[in-house]
Structures are given as C-alpha cells and as structure tokens.
>>> print(open('work37.cif').read())   # mmCIF, C-alpha atoms and all ligand atoms
data_query
loop_
_atom_site.label_atom_id
_atom_site.label_comp_id
_atom_site.auth_asym_id
_atom_site.auth_seq_id
_atom_site.Cartn_x
_atom_site.Cartn_y
_atom_site.Cartn_z
CA MET A 1 -3.66 18.31 3.21
CA ARG A 2 -0.23 18.75 4.73
CA TYR A 3 2.55 16.24 4.57
CA GLN A 4 5.17 18.58 5.93
CA GLN A 5 6.52 17.84 9.33
CA SER A 6 8.32 20.33 11.51
CA GLN A 7 11.77 19.52 12.76
CA ASP A 8 11.51 17.86 16.14
CA ASP A 9 14.11 17.69 18.86
CA GLN A 10 16.12 14.59 19.54
CA SER A 11 14.31 13.74 22.75
CA LEU A 12 11.22 12.83 20.78
CA VAL A 13 12.98 10.19 18.75
CA ALA A 14 12.88 7.58 21.49
CA ASN A 15 9.15 8.15 22.00
CA ARG A 16 8.57 7.91 18.31
CA ARG A 17 10.22 4.56 18.08
CA GLN A 18 8.14 3.34 20.99
CA LEU A 19 4.84 4.45 19.48
CA PHE A 20 5.78 3.25 16.04
CA LEU A 21 6.59 -0.25 17.13
CA GLY A 22 3.33 -0.58 18.99
CA ALA A 23 2.71 -3.39 21.42
CA GLY A 24 5.41 -5.53 22.88
CA GLY A 25 8.51 -4.66 20.85
CA PHE A 26 7.29 -7.14 18.26
CA ALA A 27 9.19 -5.43 15.51
CA LEU A 28 12.61 -5.71 17.02
CA ALA A 29 12.07 -9.26 18.15
CA GLY A 30 10.95 -10.16 14.66
CA ALA A 31 13.78 -8.27 13.05
CA ALA A 32 16.34 -9.99 15.19
CA ALA A 33 14.94 -13.38 14.35
CA GLY A 34 14.43 -12.36 10.74
CA THR A 35 11.02 -13.97 10.65
CA VAL A 36 8.27 -11.53 11.69
CA GLY A 37 5.95 -14.44 12.21
CA ARG A 38 6.19 -15.74 8.66
CA ALA A 39 5.20 -19.37 8.47
CA GLN A 40 7.15 -20.13 5.32
CA PRO A 41 10.62 -18.72 4.70
CA MET A 42 11.23 -16.96 1.43
CA ALA A 43 13.49 -18.65 -1.08
CA PRO A 44 16.95 -17.16 -0.58
CA GLY A 45 18.95 -15.10 -2.98
CA GLY A 46 17.78 -13.36 -6.12
CA SER A 47 20.05 -13.37 -9.17
CA PRO A 48 23.31 -11.40 -8.97
CA ALA A 49 21.84 -8.80 -11.34
CA VAL A 50 18.83 -8.20 -9.10
CA ASP A 51 20.98 -8.17 -5.97
CA ALA A 52 23.28 -5.60 -7.56
CA ALA A 53 20.39 -3.37 -8.69
CA VAL A 54 18.80 -3.45 -5.24
CA LYS A 55 22.05 -2.67 -3.44
CA ALA A 56 22.96 0.12 -5.87
CA ALA A 57 19.60 1.85 -5.38
CA TYR A 58 19.88 1.49 -1.62
CA GLU A 59 23.36 3.02 -1.52
CA ARG A 60 22.39 5.77 -3.91
CA TYR A 61 19.35 6.98 -1.95
CA ARG A 62 20.06 5.89 1.60
CA THR A 63 21.13 9.35 2.70
CA LEU A 64 18.74 11.30 0.50
CA ASN A 65 16.95 13.66 2.83
CA GLU A 66 13.99 14.94 0.82
CA GLY A 67 10.31 15.00 1.69
CA ALA A 68 8.67 14.69 5.09
CA ASN A 69 6.69 12.13 7.04
CA ALA A 70 2.92 12.48 6.85
CA ASP A 71 1.79 14.36 9.92
CA TYR A 72 -1.95 14.73 9.46
CA ILE A 73 -2.19 11.36 11.17
CA PRO A 74 -0.18 12.30 14.29
CA ALA A 75 1.30 8.84 14.88
CA LEU A 76 2.90 8.79 11.42
CA ALA A 77 4.92 11.92 12.17
CA GLN A 78 6.62 9.96 14.95
CA VAL A 79 8.07 7.21 12.76
CA PRO A 80 11.84 7.60 12.30
CA SER A 81 12.33 9.12 8.85
CA SER A 82 15.59 7.35 8.15
CA TYR A 83 14.09 3.88 7.77
CA PHE A 84 14.74 2.44 4.33
CA GLY A 85 14.03 -1.05 3.09
CA ILE A 86 13.79 -2.53 -0.40
CA VAL A 87 12.55 -6.02 -1.32
CA VAL A 88 12.27 -7.44 -4.84
CA VAL A 89 10.48 -10.78 -5.16
CA ALA A 90 10.37 -12.82 -8.37
CA PRO A 91 7.36 -14.99 -9.33
CA ARG A 92 9.07 -18.12 -8.02
CA GLY A 93 9.70 -16.51 -4.67
CA LYS A 94 13.40 -15.73 -5.00
CA HIS A 95 14.14 -12.39 -3.47
CA SER A 96 16.76 -9.69 -3.16
CA SER A 97 16.51 -7.27 -0.29
CA VAL A 98 18.40 -4.68 1.69
CA GLY A 99 17.88 -2.34 4.62
CA ASP A 100 15.03 -2.23 7.13
CA LEU A 101 13.17 -5.32 6.00
CA ASN A 102 11.33 -6.42 9.12
CA VAL A 103 10.24 -3.16 10.68
CA PRO A 104 6.44 -2.97 10.80
CA PHE A 105 4.66 0.15 9.65
CA SER A 106 1.05 0.89 8.71
CA ILE A 107 0.10 -0.16 5.21
CA GLN A 108 -2.20 2.87 4.72
CA SER A 109 -3.49 3.29 1.18
CA ILE A 110 -1.75 0.20 -0.15
CA SER A 111 -4.55 -1.70 1.58
CA LYS A 112 -6.99 -0.20 -0.93
CA VAL A 113 -5.55 -2.52 -3.57
CA PHE A 114 -6.31 -5.69 -1.64
CA THR A 115 -9.83 -4.74 -0.57
CA LEU A 116 -10.49 -3.85 -4.20
CA ALA A 117 -9.27 -7.32 -5.16
CA LEU A 118 -11.55 -8.82 -2.50
CA VAL A 119 -14.64 -7.09 -3.88
CA MET A 120 -13.76 -8.10 -7.45
CA LYS A 121 -13.32 -11.66 -6.25
CA GLU A 122 -16.62 -11.65 -4.33
CA SER A 123 -18.86 -9.73 -6.68
CA GLY A 124 -17.05 -9.69 -10.04
CA PRO A 125 -15.10 -6.90 -11.75
CA ASP A 126 -18.24 -5.16 -13.04
CA ALA A 127 -19.46 -4.55 -9.49
CA VAL A 128 -16.48 -2.25 -9.00
CA VAL A 129 -16.84 -0.53 -12.36
CA ASN A 130 -20.52 0.19 -11.72
CA GLY A 131 -20.48 0.56 -7.95
CA VAL A 132 -17.36 2.71 -7.55
CA GLY A 133 -15.80 3.60 -10.91
CA VAL A 134 -12.29 3.05 -12.24
CA ASP A 135 -11.36 6.44 -13.62
CA ALA A 136 -8.82 8.76 -12.08
CA THR A 137 -10.65 11.68 -10.48
CA GLY A 138 -7.89 14.15 -11.29
CA GLN A 139 -8.09 15.34 -7.70
CA ALA A 140 -6.26 14.69 -4.45
CA PHE A 141 -6.89 11.34 -2.77
CA ASN A 142 -9.23 12.83 -0.17
CA SER A 143 -11.02 15.31 -2.40
CA ILE A 144 -14.59 16.14 -1.50
CA GLU A 145 -14.96 18.31 -4.62
CA ALA A 146 -14.56 15.21 -6.78
CA ILE A 147 -17.52 13.56 -5.02
CA GLU A 148 -19.67 16.63 -5.57
CA GLN A 149 -18.56 16.99 -9.17
CA TYR A 150 -19.54 13.43 -10.07
CA LYS A 151 -22.29 12.93 -7.47
CA GLY A 152 -20.38 10.03 -5.99
CA HIS A 153 -19.85 8.33 -9.38
CA GLU A 154 -16.70 8.10 -11.48
CA MET A 155 -14.56 7.48 -8.40
CA ASN A 156 -11.55 5.23 -8.17
CA PRO A 157 -11.10 2.47 -5.56
CA LEU A 158 -7.61 3.79 -4.79
CA VAL A 159 -8.67 7.26 -3.63
CA ASN A 160 -10.55 7.73 -0.39
CA PRO A 161 -14.19 8.12 -1.55
CA GLY A 162 -13.84 5.09 -3.81
CA ALA A 163 -11.85 3.14 -1.23
CA ILE A 164 -14.46 3.72 1.49
CA ALA A 165 -17.19 2.78 -1.01
CA THR A 166 -15.21 -0.36 -1.88
CA VAL A 167 -15.08 -1.34 1.80
CA GLY A 168 -18.83 -0.64 1.86
CA GLN A 169 -19.31 -3.25 -0.87
CA VAL A 170 -17.70 -6.13 1.02
CA THR A 171 -20.50 -8.49 2.03
CA GLY A 172 -21.00 -9.74 5.57
CA ALA A 173 -23.64 -10.05 8.26
CA SER A 174 -21.62 -7.93 10.70
CA PRO A 175 -18.63 -5.56 10.72
CA ASP A 176 -16.57 -8.41 12.23
CA GLU A 177 -17.41 -10.66 9.33
CA VAL A 178 -16.44 -7.96 6.84
CA TRP A 179 -13.21 -7.31 8.73
CA ALA A 180 -12.31 -11.00 8.71
CA LYS A 181 -12.50 -10.96 4.92
CA ILE A 182 -10.49 -7.76 4.60
CA ILE A 183 -7.66 -8.87 6.87
CA GLY A 184 -7.92 -12.32 5.28
CA ILE A 185 -7.01 -11.18 1.79
CA HIS A 186 -4.14 -9.09 3.15
CA ASN A 187 -2.88 -12.14 5.05
CA ASP A 188 -3.16 -14.34 1.97
CA CYS A 189 -1.21 -11.91 -0.18
CA ALA A 190 1.49 -11.38 2.47
CA GLY A 191 1.63 -15.08 3.36
CA ARG A 192 1.37 -14.53 7.09
CA THR A 193 -1.05 -13.30 9.75
CA LEU A 194 -0.92 -9.50 9.89
CA GLU A 195 -1.98 -7.32 12.79
CA VAL A 196 -3.40 -3.84 13.22
CA ASN A 197 -1.07 -1.13 14.49
CA GLN A 198 -3.27 0.03 17.37
CA PRO A 199 -1.55 3.39 18.04
CA VAL A 200 -1.90 4.34 14.36
CA TYR A 201 -5.51 3.12 14.27
CA LYS A 202 -6.34 5.18 17.34
CA SER A 203 -4.43 8.21 16.08
CA GLU A 204 -6.24 8.20 12.73
CA SER A 205 -9.64 7.41 14.29
CA ASP A 206 -9.25 10.45 16.53
CA THR A 207 -8.50 12.74 13.59
CA ASN A 208 -10.40 11.31 10.60
CA GLN A 209 -13.32 13.72 10.47
CA ARG A 210 -12.58 14.30 6.81
CA ASN A 211 -12.81 10.62 5.87
CA ARG A 212 -16.01 10.29 7.90
CA ALA A 213 -17.43 13.24 5.94
CA ILE A 214 -16.35 11.54 2.71
CA GLY A 215 -18.05 8.30 3.77
CA MET A 216 -21.24 10.14 4.69
CA LEU A 217 -21.32 12.04 1.41
CA MET A 218 -20.72 8.89 -0.65
CA SER A 219 -23.49 7.20 1.31
CA ALA A 220 -25.79 10.18 0.72
CA TYR A 221 -25.28 9.61 -3.00
CA GLY A 222 -26.33 6.00 -2.47
CA ARG A 223 -22.95 4.58 -3.36
CA PHE A 224 -22.88 1.65 -0.93
CA PRO A 225 -25.19 -0.31 1.31
CA MET A 226 -23.18 -0.32 4.58
CA ASP A 227 -23.50 2.22 7.41
CA PRO A 228 -21.00 4.91 6.31
CA LEU A 229 -19.39 5.32 9.72
CA VAL A 230 -18.90 1.56 9.98
CA ALA A 231 -17.39 1.54 6.48
CA THR A 232 -15.08 4.44 7.37
CA ASP A 233 -14.01 2.71 10.59
CA LEU A 234 -13.23 -0.52 8.72
CA TYR A 235 -11.35 1.53 6.15
CA THR A 236 -9.31 3.22 8.90
CA ARG A 237 -8.55 -0.15 10.41
CA GLN A 238 -7.39 -1.61 7.09
CA CYS A 239 -5.10 1.40 6.60
CA SER A 240 -3.59 0.62 10.04
CA ILE A 241 -2.60 -2.96 9.21
CA ASN A 242 1.08 -3.39 10.00
CA VAL A 243 3.30 -4.67 7.22
CA THR A 244 7.03 -4.81 6.60
CA ALA A 245 8.99 -4.14 3.43
CA THR A 246 9.26 -7.92 3.10
CA ASP A 247 5.47 -8.28 3.29
CA LEU A 248 5.02 -5.61 0.65
CA GLY A 249 7.52 -7.33 -1.66
CA ILE A 250 5.57 -10.58 -1.37
CA MET A 251 2.21 -8.83 -1.79
CA ALA A 252 3.51 -7.09 -4.92
CA ALA A 253 4.92 -10.38 -6.20
CA THR A 254 1.54 -12.06 -5.69
CA LEU A 255 0.13 -9.47 -8.09
CA ALA A 256 3.10 -9.96 -10.45
CA ASN A 257 2.40 -13.68 -10.43
CA GLY A 258 -1.21 -13.58 -11.64
CA GLY A 259 -2.61 -13.70 -8.10
CA LYS A 260 -0.66 -16.70 -6.78
CA ASN A 261 1.48 -16.01 -3.72
CA PRO A 262 4.99 -17.04 -4.77
CA VAL A 263 6.07 -17.90 -1.23
CA THR A 264 3.10 -19.88 0.08
CA GLY A 265 1.87 -21.10 -3.31
CA LYS A 266 -1.68 -20.11 -2.41
CA VAL A 267 -3.86 -18.96 -5.29
CA VAL A 268 -5.41 -15.78 -3.89
CA LEU A 269 -6.80 -14.22 -7.09
CA THR A 270 -7.36 -15.28 -10.67
CA PRO A 271 -5.04 -13.87 -13.36
CA ASP A 272 -8.04 -12.04 -14.85
CA ILE A 273 -8.92 -10.21 -11.64
CA THR A 274 -5.25 -9.53 -10.96
CA SER A 275 -4.84 -7.86 -14.36
CA LYS A 276 -7.79 -5.58 -13.60
CA VAL A 277 -6.42 -4.68 -10.17
CA LEU A 278 -3.14 -3.74 -11.85
CA ALA A 279 -5.01 -1.58 -14.37
CA VAL A 280 -6.64 0.36 -11.54
CA MET A 281 -3.24 0.74 -9.86
CA ALA A 282 -1.79 2.12 -13.09
CA THR A 283 -4.65 4.63 -13.25
CA ALA A 284 -4.53 6.08 -9.75
CA GLY A 285 -2.05 4.21 -7.53
CA LEU A 286 0.11 7.27 -6.89
CA TYR A 287 -2.81 9.75 -6.71
CA ASP A 288 -2.44 12.81 -8.87
CA ASP A 289 1.14 11.82 -9.71
CA SER A 290 0.02 8.51 -11.21
CA GLY A 291 0.52 9.67 -14.77
CA ARG A 292 4.02 10.92 -14.05
CA TRP A 293 4.87 7.66 -12.30
CA LEU A 294 3.54 5.53 -15.15
CA TYR A 295 5.37 7.67 -17.67
CA ALA A 296 8.63 7.17 -15.79
CA THR A 297 8.35 3.46 -14.98
CA GLY A 298 5.42 1.86 -16.83
CA LEU A 299 4.69 -0.01 -13.59
CA PRO A 300 1.35 -0.27 -11.78
CA GLY A 301 2.14 0.98 -8.29
CA LYS A 302 0.49 1.89 -5.02
CA SER A 303 1.74 4.14 -2.28
CA GLY A 304 0.71 4.67 1.32
CA VAL A 305 1.24 7.67 3.56
CA GLY A 306 2.99 5.38 6.03
CA GLY A 307 5.93 5.38 3.60
CA GLY A 308 5.27 2.07 1.88
CA LEU A 309 5.24 1.66 -1.88
CA ILE A 310 4.62 -1.35 -4.10
CA ALA A 311 5.21 -1.72 -7.82
CA VAL A 312 4.54 -4.64 -10.11
CA SER A 313 6.18 -5.78 -13.32
CA PRO A 314 3.69 -8.47 -14.41
CA GLY A 315 5.36 -11.85 -14.81
CA LYS A 316 8.73 -10.44 -13.78
CA PHE A 317 8.81 -9.14 -10.22
CA GLY A 318 7.08 -7.30 -7.42
CA ILE A 319 8.86 -4.62 -5.37
CA GLY A 320 8.04 -3.36 -1.91
CA THR A 321 9.83 -0.41 -0.33
CA PHE A 322 9.61 1.41 2.97
CA ALA A 323 10.90 4.97 3.42
CA PRO A 324 8.61 7.33 5.37
CA PRO A 325 9.33 10.82 3.96
CA LEU A 326 6.77 11.74 1.28
CA ASP A 327 6.66 14.24 -1.54
CA LYS A 328 3.82 16.75 -1.97
CA ALA A 329 1.55 14.22 -3.67
CA GLY A 330 1.95 11.89 -0.66
CA ASN A 331 4.31 9.32 -2.24
CA SER A 332 7.55 8.04 -0.71
CA VAL A 333 10.50 9.97 -2.15
CA ARG A 334 13.19 7.30 -1.74
CA GLY A 335 10.75 4.53 -2.63
CA GLN A 336 9.91 6.07 -5.99
CA LYS A 337 13.55 6.70 -6.84
CA ALA A 338 14.74 3.25 -5.78
CA ILE A 339 11.99 1.42 -7.67
CA THR A 340 12.58 3.48 -10.80
CA ASP A 341 16.29 2.66 -10.83
CA ILE A 342 15.80 -1.02 -10.04
CA SER A 343 13.09 -1.50 -12.63
CA ASP A 344 15.18 0.30 -15.27
CA ALA A 345 18.13 -1.96 -14.47
CA LEU A 346 15.98 -5.07 -14.75
CA GLY A 347 13.97 -4.07 -17.83
CA GLY A 348 10.76 -4.01 -15.81
CA ASN A 349 8.76 -1.56 -17.93
CA PRO A 350 6.04 -3.67 -19.61
CA TYR A 351 5.58 -1.04 -22.32
CA LEU A 352 9.20 -1.30 -23.41
CA ALA A 353 9.13 -3.75 -26.34
CA GLN A 354 12.13 -4.86 -28.36
CA GLN A 355 12.04 -4.03 -32.06
CA VAL A 356 12.00 -7.04 -34.40
N1 LIG A 401 -5.55 6.31 5.99
C1 LIG A 401 -5.08 7.35 5.13
C2 LIG A 401 -6.19 8.34 4.82
O1 LIG A 401 -7.28 7.91 4.61
C3 LIG A 401 -4.56 6.75 3.87
C4 LIG A 401 -4.12 7.78 2.89
C5 LIG A 401 -2.94 7.37 2.08
O2 LIG A 401 -2.20 6.43 2.39
N2 LIG A 401 -2.74 8.12 1.03
O3 LIG A 401 -6.02 9.51 4.82
#
>>> encode(input="work37.cif", output="structure tokens", more="lines below")
Ligand code: GLN
Amino acid sequence: MRYQQSQDDQSLVANRRQLFLGAGGFALAGAAAGTVGRAQPMAPGGSPAVDAAVKAAYERYRTLNEGANADYIPALAQVPSSYFGIVVVAPRGKHSSVGDLNVPFSIQSISKVFTLALVMKESGPDAVVNGVGVDATGQAFNSIEAIEQYKGHEMNPLVNPGAIATVGQVTGASPDEVWAKIIGIHNDCAGRTLEVNQPVYKSESDTNQRNRAIGMLMSAYGRFPMDPLVATDLYTRQCSINVTATDLGIMAATLANGGKNPVTGKVVLTPDITSKVLAVMATAGLYDDSGRWLYATGLPGKSGVGGGLIAVSPGKFGIGTFAPPLDKAGNSVRGQKAITDISDALGGNPYLAQQV
C-alpha cells in the first residue's frame, strides 16, 4: 500500500480541481452560498473557547506540509493537498468552524462507521460481533493475511474485510434496496441528501482488484450472504459518497449526541447502539495507529483516505476535519494534529477524570 504521491507540475492542478469537484461545479456553488444543499442551517456560533481552540489549531497547522495524498486510488492524488477545514459541533448543534468547510470530498473509510451502525440497527449488535468481529486485526486495513490467519473471523467492521462483510450483511431484495439503506443512514447522520462522487467511484472501481479479492475471500469463508462482487461494489460506492467538513462535524456530533442528529433533531440511532459504534471506532478507527491515537486523545475516531477524519467526545462534541495529506498509516496529518489540540483545549478526553 502506497500513500506517497510524487510531486506534480503546476499544470495538473487545474485538472485536479476539476476532477475533484465532479459534476457541475456543485462544490463552489455550494461554498459560495454556504449551504451545500443543507435543508436546515446549523445553529451559529460555538462558545468563544471553542472558537478560539478551532482557530488556533487552524493557524498552527495550516501551512504544515507533511504527508501525501493517497494515490492508490488515482482520483484522490488529484485533490489539492492544501485544503484544510475544521468543524466542531456541540450536542445542541452550535458549531465553530474554519477553513474549507463546504468543499466536497469522498468520505472513504469513514463510511464504514455508518454502515456498521445500520447493520447494528437492523440486526442487533450481536449480529456484528458474531458475523464480522469487533477486534483489531493488528494488520493494515486491507490485509489479506489477517483474513487467512483468522479464516475470515475476528475481523473489524472498520477495516476492509470486515467493512465489506458488514455491507454484505445489510438486508435487501436487490442491490438498489441495500444502497438506499446505506446512503439513507449517511444522509440521516449528515442531515442532508448526499451524493456519490462519480469520478472517485469510477477511479476506485477501475483499480480495486485487491478489495474484490478481499470480498471473494471473505465470501469463501462464508462470512456473508451477498454476492461478494456486489458487496464490494456497494462498499466502493459508499466510500465514494461526497461529504464536506461540515457534514463530518454533524455526523460526528450525531454520534456524540447518543445517535440524535443535533441539527435536524432526527433520532438516527439509539444511545446503546451509538456507544457500541464508538467502541469499535476506538478499537480500529485509525487502523494500526488506533492505539496511538487513543493514547493521545482518548477519542473514538475514524479516518478516510480522502483526507477526512472524525472524532467524538461523547456528550461533549463531534469534530470533522478535512486535510488530504496522509501519514504512513493512512490518516490525515493535519486532521490528527488539529483534533488533538482542540480536544486537549476543551477537555474532550473521556478518560480524563478529575480527582475528588
Ligand atoms: N475505499 C478505500 C479502500 O477500500 C477506503 C480505504 C480508507 O479510507 N482507508 O481502499
């Protein structure tokens, strides 16, 4: 797996922006209007302390030039690396934000969280424990060795074999019916109708032999009832859902708020299921750096190779960030640093108890 991207010449930058934005310049139109199709506006203005923490992190890391865009999905290498957006949303919907808030980018692995939540909601938490597993595999997110080692068991819904198996557990009479449920839970958590980034979907579909192999192998071990290539295609599509930093902040805040979207007020998940989703995020949300991340922040998090990152301080806030360059584990460099600073400033670590 390579995340490194070679230095490209300036002339490619314009093309990149074109491909990245996908159809119809939607992103810029949305950004200019500040809406991106959101039906309900977010409550303005977080507290001065949150505003200050968000702005300080943005200023501190804005020019940090470490890491590289993912390039194993060709379309991701073309996203401008300098994008940086941070959104913190409190359980009542107040938010603080800065930077590139309304630029759409593919959600990638962050989608694994919401399809996991869907399956728990449909079939109960035990279906995931028994049907996929909830232990960290100790291997890279697309490891085939881990499948062989455990014969398709002991996976985690937030790494590819487990994520494809989780898609394979969503019930439906047809792939369209399954897809409607998958996009539906993403929409509910974001509070608006999301769309698939077609260039990214095509780019990954053209190059996802490895994920298809993973799906086939998991299916060979009898880990899910759906046709493995259909499951892998649906998985690829869910990873290509376009979100913005604002969407991610709201999605994270839905998880911070026991499963109730703080902007729309819709109850998407029960508090019980939400707590279990967060536990899985704490276990493997940042792949083989999950332990390091939890040690540093105490926050359940989930990254995507598109440069998105969410983190949740239960009952306190959800954070979404967007900054494409990734470290070697595949996690956004600026996103991790910004969230760590902001959470520290706000006392977000749920393990940090006051002495009495
Ligand atoms: N769609 C990507 C893949 O399957 C998602 C990986 C990621 O975000 N870590 O490779």
>>> atom_distance(input="work37.cif", atom1="atom CA of A:Asn197", atom2="atom CA of A:Ser240")
5.4 Å
>>> residues_near_ligand(input="work37.cif", ligand="ligand LIG 401 (chain A)", cutoff="6 Å", atoms="all atoms listed in the file", output="list in words")
Gln108, Ser109, Asn160, Thr236, Cys239, Gly304 and Val305 of chain A
>>> closest_residue(input="work37.cif", among="A:Gly285, A:Pro225, A:Gly67, A:Pro262", to="A:Ala165", atoms="all atoms listed in the file")
A:Pro225
>>> closest_residue(input="work37.cif", among="A:Asn211, A:Val128, A:Ala140, A:Ala231", to="A:Trp179", atoms="only C-alpha atoms")
A:Ala231
>>> residues_around(input="work37.cif", residues="A:Ala345", least_positions_apart="5", cutoff="10 Å", atoms="only C-alpha atoms", output="ChimeraX atom specification")
/A:49-50,52-54,57,339-340
>>> closest_residue(input="work37.cif", among="A:Gly298, A:Gly259, A:Pro324, A:Pro175", to="A:Val230", atoms="only C-alpha atoms")
A:Pro175
>>> residues_near_point(input="work37.cif", point="(9.2, -8.2, -7.3)", cutoff="6 Å", atoms="only C-alpha atoms", output="PDB file with C-alpha atoms, in the frame of the given file")
ATOM      1  CA  VAL A  88      12.270  -7.440  -4.840  1.00  0.00           C
ATOM      2  CA  VAL A  89      10.480 -10.780  -5.160  1.00  0.00           C
ATOM      3  CA  ALA A  90      10.370 -12.820  -8.370  1.00  0.00           C
ATOM      4  CA  GLY A 249       7.520  -7.330  -1.660  1.00  0.00           C
ATOM      5  CA  ALA A 253       4.920 -10.380  -6.200  1.00  0.00           C
ATOM      6  CA  PHE A 317       8.810  -9.140 -10.220  1.00  0.00           C
ATOM      7  CA  GLY A 318       7.080  -7.300  -7.420  1.00  0.00           C
ATOM      8  CA  ILE A 319       8.860  -4.620  -5.370  1.00  0.00           C
TER       9      ILE A 319
END
>>> atom_distance(input="work37.cif", atom1="atom CA of A:Ile185", atom2="atom CA of A:His95")
21.8 Å
>>> closest_residue(input="work37.cif", among="A:Met216, A:Ile250, A:Ala338, A:Val134", to="A:Arg92", atoms="all atoms listed in the file")
A:Ile250
>>> atom_distance(input="work37.cif", atom1="atom CA of A:Thr115", atom2="atom CA of A:Tyr287")
17.2 Å
>>> residues_near_point(input="work37.cif", point="(20.4, 3.3, -3.1)", cutoff="10 Å", atoms="only C-alpha atoms", output="PDB file with C-alpha atoms, keeping the file's coordinate frame")
ATOM      1  CA  ALA A  53      20.390  -3.370  -8.690  1.00  0.00           C
ATOM      2  CA  VAL A  54      18.800  -3.450  -5.240  1.00  0.00           C
ATOM      3  CA  LYS A  55      22.050  -2.670  -3.440  1.00  0.00           C
ATOM      4  CA  ALA A  56      22.960   0.120  -5.870  1.00  0.00           C
ATOM      5  CA  ALA A  57      19.600   1.850  -5.380  1.00  0.00           C
ATOM      6  CA  TYR A  58      19.880   1.490  -1.620  1.00  0.00           C
ATOM      7  CA  GLU A  59      23.360   3.020  -1.520  1.00  0.00           C
ATOM      8  CA  ARG A  60      22.390   5.770  -3.910  1.00  0.00           C
ATOM      9  CA  TYR A  61      19.350   6.980  -1.950  1.00  0.00           C
ATOM     10  CA  ARG A  62      20.060   5.890   1.600  1.00  0.00           C
ATOM     11  CA  THR A  63      21.130   9.350   2.700  1.00  0.00           C
ATOM     12  CA  LEU A  64      18.740  11.300   0.500  1.00  0.00           C
ATOM     13  CA  PHE A  84      14.740   2.440   4.330  1.00  0.00           C
ATOM     14  CA  GLY A  85      14.030  -1.050   3.090  1.00  0.00           C
ATOM     15  CA  ILE A  86      13.790  -2.530  -0.400  1.00  0.00           C
ATOM     16  CA  VAL A  98      18.400  -4.680   1.690  1.00  0.00           C
ATOM     17  CA  GLY A  99      17.880  -2.340   4.620  1.00  0.00           C
ATOM     18  CA  ARG A 334      13.190   7.300  -1.740  1.00  0.00           C
ATOM     19  CA  GLY A 335      10.750   4.530  -2.630  1.00  0.00           C
ATOM     20  CA  LYS A 337      13.550   6.700  -6.840  1.00  0.00           C
ATOM     21  CA  ALA A 338      14.740   3.250  -5.780  1.00  0.00           C
ATOM     22  CA  ILE A 339      11.990   1.420  -7.670  1.00  0.00           C
ATOM     23  CA  ASP A 341      16.290   2.660 -10.830  1.00  0.00           C
ATOM     24  CA  ILE A 342      15.800  -1.020 -10.040  1.00  0.00           C
TER      25      ILE A 342
END
>>> residues_around(input="work37.cif", residues="A:Ser303", least_positions_apart="6", cutoff="7 Å", atoms="only C-alpha atoms", output="ChimeraX atom specification")
/A:109-110,285-286,309-310,331
>>> write_last_selection(input="work37.cif", atoms="C-alpha atoms", output="mmCIF file, in the frame of the given file")
data_model
loop_
_atom_site.group_PDB
_atom_site.id
_atom_site.type_symbol
_atom_site.label_atom_id
_atom_site.label_comp_id
_atom_site.auth_asym_id
_atom_site.auth_seq_id
_atom_site.Cartn_x
_atom_site.Cartn_y
_atom_site.Cartn_z
ATOM 1 C CA SER A 109 -3.490 3.290 1.180
ATOM 2 C CA ILE A 110 -1.750 0.200 -0.150
ATOM 3 C CA GLY A 285 -2.050 4.210 -7.530
ATOM 4 C CA LEU A 286 0.110 7.270 -6.890
ATOM 5 C CA LEU A 309 5.240 1.660 -1.880
ATOM 6 C CA ILE A 310 4.620 -1.350 -4.100
ATOM 7 C CA ASN A 331 4.310 9.320 -2.240
#
>>> residues_around(input="work37.cif", residues="A:Leu294", least_positions_apart="2", cutoff="10 Å", atoms="all atoms listed in the file", output="ChimeraX atom specification")
/A:281-286,289-292,296-301,349,351
>>> write_last_selection(input="work37.cif", atoms="C-alpha atoms", output="JSON list (two decimals), keeping the file's coordinate frame")
[["chain", "number", "residue", "atom", "x", "y", "z"],
["A", 281, "MET", "CA", -3.24, 0.74, -9.86],
["A", 282, "ALA", "CA", -1.79, 2.12, -13.09],
["A", 283, "THR", "CA", -4.65, 4.63, -13.25],
["A", 284, "ALA", "CA", -4.53, 6.08, -9.75],
["A", 285, "GLY", "CA", -2.05, 4.21, -7.53],
["A", 286, "LEU", "CA", 0.11, 7.27, -6.89],
["A", 289, "ASP", "CA", 1.14, 11.82, -9.71],
["A", 290, "SER", "CA", 0.02, 8.51, -11.21],
["A", 291, "GLY", "CA", 0.52, 9.67, -14.77],
["A", 292, "ARG", "CA", 4.02, 10.92, -14.05],
["A", 296, "ALA", "CA", 8.63, 7.17, -15.79],
["A", 297, "THR", "CA", 8.35, 3.46, -14.98],
["A", 298, "GLY", "CA", 5.42, 1.86, -16.83],
["A", 299, "LEU", "CA", 4.69, -0.01, -13.59],
["A", 300, "PRO", "CA", 1.35, -0.27, -11.78],
["A", 301, "GLY", "CA", 2.14, 0.98, -8.29],
["A", 349, "ASN", "CA", 8.76, -1.56, -17.93],
["A", 351, "TYR", "CA", 5.58, -1.04, -22.32]]
>>> residues_around(input="work37.cif", residues="A:Arg210", least_positions_apart="4", cutoff="10 Å", atoms="only C-alpha atoms", output="PyMOL selection string")
chain A and resi 142-144+160+214-216
>>> write_last_selection(input="work37.cif", atoms="C-alpha atoms", output="PDB file, keeping the file's coordinate frame")
ATOM      1  CA  ASN A 142      -9.230  12.830  -0.170  1.00  0.00           C
ATOM      2  CA  SER A 143     -11.020  15.310  -2.400  1.00  0.00           C
ATOM      3  CA  ILE A 144     -14.590  16.140  -1.500  1.00  0.00           C
ATOM      4  CA  ASN A 160     -10.550   7.730  -0.390  1.00  0.00           C
ATOM      5  CA  ILE A 214     -16.350  11.540   2.710  1.00  0.00           C
ATOM      6  CA  GLY A 215     -18.050   8.300   3.770  1.00  0.00           C
ATOM      7  CA  MET A 216     -21.240  10.140   4.690  1.00  0.00           C
TER       8      MET A 216
END
>>> closest_residue(input="work37.cif", among="A:Arg237, A:Lys328, A:Arg223, A:Lys260", to="A:Asn130", atoms="only C-alpha atoms")
A:Arg223
>>> closest_residue(input="work37.cif", among="A:Ala180, A:Val268, A:Val243, A:Ala190", to="A:Ala117", atoms="only C-alpha atoms")
A:Val268
>>> residues_around(input="work37.cif", residues="A:Tyr83", least_positions_apart="4", cutoff="10 Å", atoms="all atoms listed in the file", output="list of chain:residue names")
A:Arg62, A:Val79, A:Gly99, A:Asp100, A:Leu101, A:Val103, A:Gly307, A:Phe322, A:Ala323, A:Pro324, A:Pro325
>>> decode(input="work37.cif", residues="stretch 277-290 of chain A", atoms="C-alpha atoms", output="compact mmCIF listing (two decimals), in the first residue's frame")
# COMPACT_ATOMS: atom_id res chain seq x y z
CA VAL A 277 -20.24 2.02 17.35
CA LEU A 278 -17.93 4.33 19.32
CA ALA A 279 -16.28 1.33 20.97
CA VAL A 280 -15.49 -0.16 17.56
CA MET A 281 -14.13 3.21 16.42
CA ALA A 282 -11.87 3.35 19.48
CA THR A 283 -10.60 -0.14 18.62
CA ALA A 284 -9.71 0.29 14.96
CA GLY A 285 -10.83 3.69 13.63
CA LEU A 286 -7.32 4.80 12.70
CA TYR A 287 -6.15 1.35 11.53
CA ASP A 288 -2.89 0.18 13.01
CA ASP A 289 -2.36 3.59 14.62
CA SER A 290 -5.61 3.32 16.59
